[in-house]
Structures are given as structure tokens and as C-alpha cells.
>>> print(open('data22.txt').read())   # compact mmCIF, C-alpha atoms
# COMPACT_ATOMS: atom_id res chain seq x y z
CA ASP A 30 -96.39 -19.52 -15.93
CA LEU A 31 -94.19 -16.43 -15.90
CA LEU A 32 -97.20 -14.11 -15.63
CA ARG A 33 -98.58 -16.14 -12.74
CA ILE A 34 -95.25 -16.19 -10.88
CA LEU A 35 -94.62 -12.49 -11.40
CA GLY A 36 -98.17 -11.76 -10.26
CA LYS A 37 -97.53 -13.63 -7.01
CA LEU A 38 -94.23 -11.82 -6.49
CA MET A 39 -95.92 -8.45 -6.97
CA GLN A 40 -98.45 -9.33 -4.23
CA GLN A 41 -95.71 -9.81 -1.63
CA GLU A 42 -95.96 -7.55 1.40
CA ASN A 43 -92.40 -6.28 0.88
CA PRO A 44 -91.88 -5.47 -2.80
CA PHE A 45 -88.75 -6.55 -4.62
CA ASP A 46 -86.26 -4.04 -5.96
CA TYR A 47 -85.29 -6.37 -8.81
CA ILE A 48 -86.38 -9.71 -10.21
CA LEU A 49 -83.79 -11.58 -12.24
CA ILE A 50 -85.16 -14.16 -14.69
CA GLU A 51 -82.80 -16.79 -16.06
CA THR A 52 -83.84 -18.93 -19.01
CA THR A 53 -82.29 -22.09 -20.38
CA GLY A 54 -79.23 -21.73 -22.59
CA LEU A 55 -81.05 -21.85 -25.91
CA ALA A 56 -84.26 -20.10 -24.89
CA ASP A 57 -85.78 -17.46 -27.12
CA PRO A 58 -85.69 -14.25 -25.04
CA GLY A 59 -88.58 -12.74 -27.01
CA PRO A 60 -91.52 -14.38 -25.20
CA VAL A 61 -90.01 -13.59 -21.79
CA ALA A 62 -89.48 -9.94 -22.72
CA GLN A 63 -92.92 -9.82 -24.33
CA THR A 64 -94.49 -10.57 -20.93
CA PHE A 65 -93.57 -7.07 -19.74
CA PHE A 66 -95.34 -5.34 -22.65
CA VAL A 67 -98.51 -7.30 -23.41
CA ASP A 68 -99.99 -7.60 -19.91
CA GLU A 69 -101.35 -4.27 -18.63
CA GLU A 70 -100.69 -5.06 -14.95
CA MET A 71 -97.10 -6.08 -15.66
CA LYS A 72 -96.57 -3.04 -17.83
CA SER A 73 -97.83 -0.70 -15.13
CA GLN A 74 -95.87 -2.24 -12.23
CA LEU A 75 -92.67 -3.67 -13.68
CA GLN A 76 -89.96 -2.42 -16.00
CA LEU A 77 -87.83 -4.73 -18.10
CA GLU A 78 -84.34 -3.42 -17.42
CA GLY A 79 -82.71 -5.42 -20.19
CA ILE A 80 -81.66 -8.75 -21.62
CA VAL A 81 -78.23 -10.17 -20.85
CA THR A 82 -76.80 -12.90 -23.05
CA VAL A 83 -73.84 -14.99 -21.96
CA VAL A 84 -71.67 -16.18 -24.87
CA ASP A 85 -69.28 -19.09 -24.39
CA SER A 86 -66.22 -17.69 -26.17
CA LYS A 87 -64.55 -21.10 -26.29
CA HIS A 88 -67.39 -23.04 -27.96
CA VAL A 89 -69.86 -20.63 -29.58
CA LEU A 90 -68.33 -20.76 -33.05
CA GLU A 91 -68.81 -24.54 -33.18
CA HIS A 92 -72.58 -23.91 -33.11
CA TRP A 93 -72.74 -20.62 -35.00
CA GLY A 94 -74.98 -20.91 -38.05
CA LYS A 95 -76.34 -24.29 -36.90
CA GLU A 96 -78.32 -22.94 -33.96
CA HIS A 97 -80.20 -19.79 -35.04
CA LYS A 98 -81.12 -19.13 -31.41
CA ILE A 99 -77.53 -18.01 -30.84
CA GLU A 100 -77.91 -15.18 -33.32
CA GLU A 101 -81.39 -14.34 -31.96
CA GLN A 102 -80.10 -14.10 -28.39
CA ILE A 103 -77.24 -11.88 -29.50
CA ALA A 104 -79.56 -9.67 -31.57
CA PHE A 105 -81.99 -9.21 -28.65
CA ALA A 106 -79.32 -8.56 -26.01
CA ASP A 107 -78.81 -5.24 -24.31
CA MET A 108 -75.64 -6.63 -22.72
CA ILE A 109 -73.41 -9.49 -23.81
CA LEU A 110 -71.00 -11.26 -21.51
CA LEU A 111 -68.20 -12.78 -23.58
CA ASN A 112 -67.41 -15.50 -21.10
CA LYS A 113 -64.47 -17.93 -20.80
CA THR A 114 -62.13 -15.34 -22.28
CA ASP A 115 -59.28 -17.01 -20.43
CA LEU A 116 -59.66 -20.08 -22.68
CA VAL A 117 -59.13 -18.33 -26.03
CA SER A 118 -56.55 -15.99 -27.50
CA GLY A 119 -56.94 -12.23 -27.68
CA GLN A 120 -57.23 -12.45 -31.49
CA GLU A 121 -60.04 -15.00 -31.20
CA ILE A 122 -61.92 -12.78 -28.75
CA ASP A 123 -61.47 -9.74 -31.01
CA ALA A 124 -62.78 -11.71 -34.02
CA LEU A 125 -65.75 -13.01 -32.02
CA GLU A 126 -66.57 -9.53 -30.75
CA ASN A 127 -66.50 -8.21 -34.34
CA LYS A 128 -68.85 -11.02 -35.41
CA ILE A 129 -71.20 -10.15 -32.54
CA ARG A 130 -71.06 -6.45 -33.43
CA SER A 131 -72.16 -7.33 -36.99
CA ILE A 132 -75.41 -8.65 -35.48
CA ASN A 133 -75.84 -6.20 -32.59
CA ALA A 134 -73.85 -2.99 -32.71
CA THR A 135 -75.51 -1.39 -29.69
CA ALA A 136 -75.19 -4.02 -26.94
CA LYS A 137 -72.71 -3.41 -24.15
CA ILE A 138 -70.06 -6.12 -24.30
CA HIS A 139 -68.06 -7.25 -21.29
CA ARG A 140 -65.27 -9.81 -21.47
CA THR A 141 -65.55 -12.12 -18.48
CA GLN A 142 -64.16 -15.22 -16.87
CA LYS A 143 -66.59 -17.43 -14.94
CA ALA A 144 -69.26 -14.80 -15.78
CA GLN A 145 -67.83 -12.50 -13.09
CA ILE A 146 -69.29 -9.02 -13.35
CA GLU A 147 -70.54 -6.50 -10.83
CA ILE A 148 -74.26 -7.18 -10.36
CA SER A 149 -74.91 -3.43 -10.42
CA GLN A 150 -73.88 -3.38 -14.09
CA ILE A 151 -76.59 -5.91 -14.90
CA LEU A 152 -79.31 -4.40 -12.73
CA THR A 153 -78.92 -0.88 -14.13
CA LEU A 154 -78.87 -1.36 -17.89
CA GLY A 155 -81.20 1.58 -18.44
CA GLY A 156 -84.28 -0.12 -19.84
CA PHE A 157 -85.08 -2.59 -22.58
CA ASP A 158 -85.14 -1.06 -26.07
CA LEU A 159 -88.55 -1.97 -27.51
CA THR A 160 -87.81 -0.22 -30.81
CA ARG A 161 -84.71 -2.38 -31.36
CA ALA A 162 -86.66 -5.51 -30.36
CA LEU A 163 -89.25 -4.72 -33.03
CA GLU A 164 -86.45 -4.29 -35.57
CA VAL A 165 -85.15 -7.77 -34.68
CA ASN A 166 -88.63 -9.34 -34.67
CA GLN A 167 -91.55 -7.40 -36.12
CA GLU A 168 -93.98 -9.85 -34.47
CA PHE A 169 -92.52 -9.17 -30.99
CA LEU A 170 -95.75 -7.73 -29.55
CA ASN A 171 -98.01 -10.19 -31.39
CA THR A 172 -99.18 -12.52 -28.62
CA HIS A 173 -100.93 -14.76 -31.14
CA SER A 174 -97.77 -15.65 -33.02
CA HIS A 175 -96.61 -19.22 -32.71
CA HIS A 176 -93.62 -19.95 -30.53
CA HIS A 177 -91.53 -22.78 -31.86
CA HIS A 178 -89.69 -25.03 -29.48
CA ASP A 179 -86.34 -26.60 -30.21
CA HIS A 180 -87.10 -30.31 -30.39
CA GLU A 181 -83.41 -31.19 -30.13
CA ILE A 182 -83.50 -30.27 -26.45
CA THR A 183 -85.36 -32.66 -24.20
CA SER A 184 -85.56 -33.46 -20.52
CA VAL A 185 -86.07 -36.59 -18.52
CA GLY A 186 -87.52 -36.98 -15.03
CA ILE A 187 -86.59 -39.94 -12.85
CA GLU A 188 -88.34 -40.70 -9.58
CA MET A 189 -86.94 -43.25 -7.14
CA THR A 190 -87.46 -44.07 -3.51
CA GLY A 191 -84.53 -44.27 -1.10
CA ASP A 192 -81.34 -42.33 -0.61
CA LEU A 193 -79.41 -40.88 -3.49
CA ASP A 194 -75.67 -41.50 -3.68
CA PRO A 195 -74.30 -38.32 -5.30
CA TYR A 196 -71.07 -40.05 -6.37
CA LYS A 197 -72.94 -42.80 -8.21
CA LEU A 198 -75.21 -40.20 -9.80
CA ASP A 199 -72.23 -38.16 -10.93
CA ARG A 200 -70.55 -41.24 -12.40
CA TRP A 201 -73.79 -42.24 -14.15
CA LEU A 202 -74.23 -38.74 -15.62
CA GLY A 203 -70.59 -38.79 -16.75
CA ASP A 204 -71.16 -42.10 -18.56
CA LEU A 205 -74.37 -40.76 -20.07
CA LEU A 206 -72.67 -37.65 -21.41
>>> encode(input="data22.txt", output="C-alpha cells")
Amino acid sequence: DLLRILGKLMQQENPFDYILIETTGLADPGPVAQTFFVDEEMKSQLQLEGIVTVVDSKHVLEHWGKEHKIEEQIAFADMILLNKTDLVSGQEIDALENKIRSINATAKIHRTQKAQIEISQILTLGGFDLTRALEVNQEFLNTHSHHHHDHEITSVGIEMTGDLDPYKLDRWLGDLL
């Protein structure tokens, strides 16, 4: 799907300066990044500027070690936004940053609140480091490798006719959660 969508975007009359791709919270960034290196047309026309990972400073340690995708996202990142820094102490942030540095010593780290950062800092990372990506995952460029999906994450689609009451929906979602 990503190849198809990027192909359509590249055919636009007025080319884009940047295309920002956002994945779900626990997505493996490898297959998305791989798109820019395994397809000759993509490789010739687009440059992967970098991978940005947003880390929830308040809750990440609750999931650390249980969700290996957290460590993978941190290892692949060119930039890490330590977000929600206003919700934890300075010592906790320092400890978390040290833990992150033990996995990825080269990523730029920014401490943020509400993920506020100048967009220019994200759009001008200087290029994705393919050598480092291969160190993290030797099979990075192997398009025949199997991609495993996290079966703990699911989605549900509901179709109904009529008007939607956003207050009732919000209450229902609150009860569900």
C-alpha cells in the first residue's frame, strides 16, 4: 500500500517538498524505511530523511521489556522525542535518557511536552543511516523476510446508518476503555 500511495504522490503535477509518514504506536519502522531502499523508483526519486520515535516518558517504563517493539523503535530512530517530560521528575527523565542511550547512542534526543518541536528539526535530520539500520537488523534489506504482526493489537469497524451523537460515542468509548 505504501508503495502505491507514494507512487501516486510522485505523479502529482506539483511535487511535494516533504512527505511525512506516521505509523501506529507499536509499528515496526523497518518495513516502512525498507520501502525507500528496495524499490528502484522510490530510491531514485525519494530520500528517507530519518525516523522519529516519540517516547511517552510517563508510561514507557511500564511496558519496557514486555513490548520488544519499544526497543526496536528506539534502536532504529534517528531522532527521539522524550515526550510528556512535564509529568515526570528531572531524575526520571535523566534515567530514561540514559536507558535510551544504552540502546541508541547516536539518535538526537529532544525533551518535549505535547510533542512540541520545530518541524524544521524533523524535516532536516540529514538522511537515514542505512549502515546503522543494518546493524540493528541484518535482514533490513531482505524483502522476503517475514514481518510479524503484534496480535495483541486489534481493530474493530462498526457501520451504522443515521446520525452519530459524539457525546454518546465518547461515553461509550470511555466505558469500553
>>> closest_residue(input="data22.txt", among="A:Lys87, A:Gly59, A:Asp192, A:Ser131", to="A:Ser118", atoms="all atoms listed in the file")
A:Lys87
>>> residues_around(input="data22.txt", residues="stretch 137-148 of chain A", least_positions_apart="5", cutoff="8 Å", atoms="all atoms listed in the file", output="list in words")
Val83, Asp107, Met108, Ile109, Leu110, Leu111, Asn112, Lys113, Thr114 and Asp115 of chain A
>>> residues_around(input="data22.txt", residues="A:Ala104", least_positions_apart="3", cutoff="8 Å", atoms="all atoms listed in the file", output="short mmCIF file (atom, residue, chain, number, x, y, z; two decimals) with C-alpha atoms, keeping the file's coordinate frame")
data_model
loop_
_atom_site.label_atom_id
_atom_site.label_comp_id
_atom_site.auth_asym_id
_atom_site.auth_seq_id
_atom_site.Cartn_x
_atom_site.Cartn_y
_atom_site.Cartn_z
CA GLU A 100 -77.91 -15.18 -33.32
CA GLU A 101 -81.39 -14.34 -31.96
CA ILE A 132 -75.41 -8.65 -35.48
CA ASN A 133 -75.84 -6.20 -32.59
CA VAL A 165 -85.15 -7.77 -34.68
#
>>> residues_around(input="data22.txt", residues="A:Asp46", least_positions_apart="6", cutoff="12 Å", atoms="all atoms listed in the file", output="list in words")
Leu38, Met39, Gln74, Leu75, Gln76, Glu78, Leu152 and Thr153 of chain A
>>> residues_around(input="data22.txt", residues="A:Lys72", least_positions_apart="3", cutoff="12 Å", atoms="all atoms listed in the file", output="ChimeraX atom specification")
/A:32,35-36,62-69,75-77
>>> residues_around(input="data22.txt", residues="A:Thr52", least_positions_apart="4", cutoff="12 Å", atoms="only C-alpha atoms", output="CSV table (one decimal) with C-alpha atoms, in the coordinates of the input")
chain,number,residue,atom,x,y,z
A,31,LEU,CA,-94.2,-16.4,-15.9
A,56,ALA,CA,-84.3,-20.1,-24.9
A,57,ASP,CA,-85.8,-17.5,-27.1
A,58,PRO,CA,-85.7,-14.2,-25.0
A,59,GLY,CA,-88.6,-12.7,-27.0
A,60,PRO,CA,-91.5,-14.4,-25.2
A,61,VAL,CA,-90.0,-13.6,-21.8
A,62,ALA,CA,-89.5,-9.9,-22.7
A,80,ILE,CA,-81.7,-8.8,-21.6
A,81,VAL,CA,-78.2,-10.2,-20.8
A,82,THR,CA,-76.8,-12.9,-23.0
A,83,VAL,CA,-73.8,-15.0,-22.0
A,102,GLN,CA,-80.1,-14.1,-28.4
>>> atom_distance(input="data22.txt", atom1="atom CA of A:Leu55", atom2="atom CA of A:Ile99")
7.2 Å
>>> atom_distance(input="data22.txt", atom1="atom CA of A:Lys98", atom2="atom CA of A:Lys128")
15.2 Å
>>> atom_distance(input="data22.txt", atom1="atom CA of A:Glu121", atom2="atom CA of A:Ile151")
24.9 Å
>>> closest_residue(input="data22.txt", among="A:Leu198, A:Ile122, A:Ala106, A:Leu206", to="A:Thr135", atoms="all atoms listed in the file")
A:Ala106
>>> axis_aligned_box(input="data22.txt", around="stretch 189-200 of chain A", padding_each_side="5 Å", output="lines of an AutoDock Vina configuration file")
center_x = -79.0
center_y = -41.2
center_z = -6.5
size_x = 26.9
size_y = 16.1
size_z = 21.8
>>> closest_residue(input="data22.txt", among="A:Asp85, A:Glu91, A:Glu164, A:Asp204", to="A:Val117", atoms="all atoms listed in the file")
A:Asp85
>>> build_atoms(input="data22.txt", residues="stretch 125-154 of chain A", atoms="N, CA and C atoms", output="CSV table (one decimal), in the coordinates of the input")
chain,number,residue,atom,x,y,z
A,125,LEU,N,-64.4,-12.7,-32.5
A,125,LEU,CA,-65.8,-13.0,-32.0
A,125,LEU,C,-66.5,-11.7,-31.7
A,126,GLU,N,-65.9,-10.8,-31.1
A,126,GLU,CA,-66.6,-9.5,-30.8
A,126,GLU,C,-67.0,-8.8,-32.0
A,127,ASN,N,-66.1,-8.8,-33.1
A,127,ASN,CA,-66.5,-8.2,-34.3
A,127,ASN,C,-67.7,-8.9,-35.0
A,128,LYS,N,-67.7,-10.2,-34.9
A,128,LYS,CA,-68.8,-11.0,-35.4
A,128,LYS,C,-70.1,-10.7,-34.7
A,129,ILE,N,-70.0,-10.5,-33.4
A,129,ILE,CA,-71.2,-10.2,-32.5
A,129,ILE,C,-71.7,-8.7,-32.9
A,130,ARG,N,-70.7,-7.8,-33.1
A,130,ARG,CA,-71.1,-6.4,-33.4
A,130,ARG,C,-71.8,-6.4,-34.8
A,131,SER,N,-71.5,-7.3,-35.7
A,131,SER,CA,-72.2,-7.3,-37.0
A,131,SER,C,-73.6,-7.7,-36.8
A,132,ILE,N,-74.0,-8.3,-35.7
A,132,ILE,CA,-75.4,-8.6,-35.5
A,132,ILE,C,-76.1,-7.6,-34.6
A,133,ASN,N,-75.3,-7.1,-33.6
A,133,ASN,CA,-75.8,-6.2,-32.6
A,133,ASN,C,-74.8,-5.2,-32.3
A,134,ALA,N,-74.9,-4.0,-32.9
A,134,ALA,CA,-73.8,-3.0,-32.7
A,134,ALA,C,-74.1,-2.2,-31.5
A,135,THR,N,-75.2,-2.3,-30.8
A,135,THR,CA,-75.5,-1.4,-29.7
A,135,THR,C,-75.4,-2.0,-28.3
A,136,ALA,N,-75.3,-3.4,-28.2
A,136,ALA,CA,-75.2,-4.0,-26.9
A,136,ALA,C,-73.9,-3.7,-26.2
A,137,LYS,N,-73.9,-3.6,-24.9
A,137,LYS,CA,-72.7,-3.4,-24.2
A,137,LYS,C,-72.1,-4.8,-24.1
A,138,ILE,N,-70.8,-4.8,-24.3
A,138,ILE,CA,-70.1,-6.1,-24.3
A,138,ILE,C,-69.0,-6.1,-23.2
A,139,HIS,N,-69.0,-7.1,-22.4
A,139,HIS,CA,-68.1,-7.2,-21.3
A,139,HIS,C,-67.4,-8.6,-21.5
A,140,ARG,N,-66.1,-8.6,-21.4
A,140,ARG,CA,-65.3,-9.8,-21.5
A,140,ARG,C,-65.1,-10.3,-20.0
A,141,THR,N,-65.5,-11.6,-19.8
A,141,THR,CA,-65.6,-12.1,-18.5
A,141,THR,C,-64.9,-13.5,-18.4
A,142,GLN,N,-64.6,-13.9,-17.2
A,142,GLN,CA,-64.2,-15.2,-16.9
A,142,GLN,C,-65.1,-15.7,-15.8
A,143,LYS,N,-65.6,-16.9,-15.9
A,143,LYS,CA,-66.6,-17.4,-14.9
A,143,LYS,C,-67.8,-16.5,-14.7
A,144,ALA,N,-68.1,-15.7,-15.8
A,144,ALA,CA,-69.3,-14.8,-15.8
A,144,ALA,C,-69.2,-13.8,-14.6
A,145,GLN,N,-68.0,-13.4,-14.2
A,145,GLN,CA,-67.8,-12.5,-13.1
A,145,GLN,C,-68.0,-11.1,-13.6
A,146,ILE,N,-69.0,-10.4,-13.0
A,146,ILE,CA,-69.3,-9.0,-13.4
A,146,ILE,C,-70.0,-8.4,-12.2
A,147,GLU,N,-69.8,-7.2,-11.9
A,147,GLU,CA,-70.5,-6.5,-10.8
A,147,GLU,C,-72.0,-6.6,-11.1
A,148,ILE,N,-72.8,-7.0,-10.2
A,148,ILE,CA,-74.3,-7.2,-10.4
A,148,ILE,C,-74.9,-5.8,-10.7
A,149,SER,N,-74.3,-4.8,-10.2
A,149,SER,CA,-74.9,-3.4,-10.4
A,149,SER,C,-74.9,-3.1,-11.9
A,150,GLN,N,-73.9,-3.6,-12.6
A,150,GLN,CA,-73.9,-3.4,-14.1
A,150,GLN,C,-75.0,-4.1,-14.8
A,151,ILE,N,-75.5,-5.2,-14.3
A,151,ILE,CA,-76.6,-5.9,-14.9
A,151,ILE,C,-77.9,-5.3,-14.5
A,152,LEU,N,-78.0,-4.9,-13.2
A,152,LEU,CA,-79.3,-4.4,-12.7
A,152,LEU,C,-79.6,-3.0,-13.2
A,153,THR,N,-78.7,-2.3,-13.7
A,153,THR,CA,-78.9,-0.9,-14.1
A,153,THR,C,-78.6,-0.7,-15.6
A,154,LEU,N,-79.1,-1.5,-16.5
A,154,LEU,CA,-78.9,-1.4,-17.9
A,154,LEU,C,-79.5,-0.1,-18.5
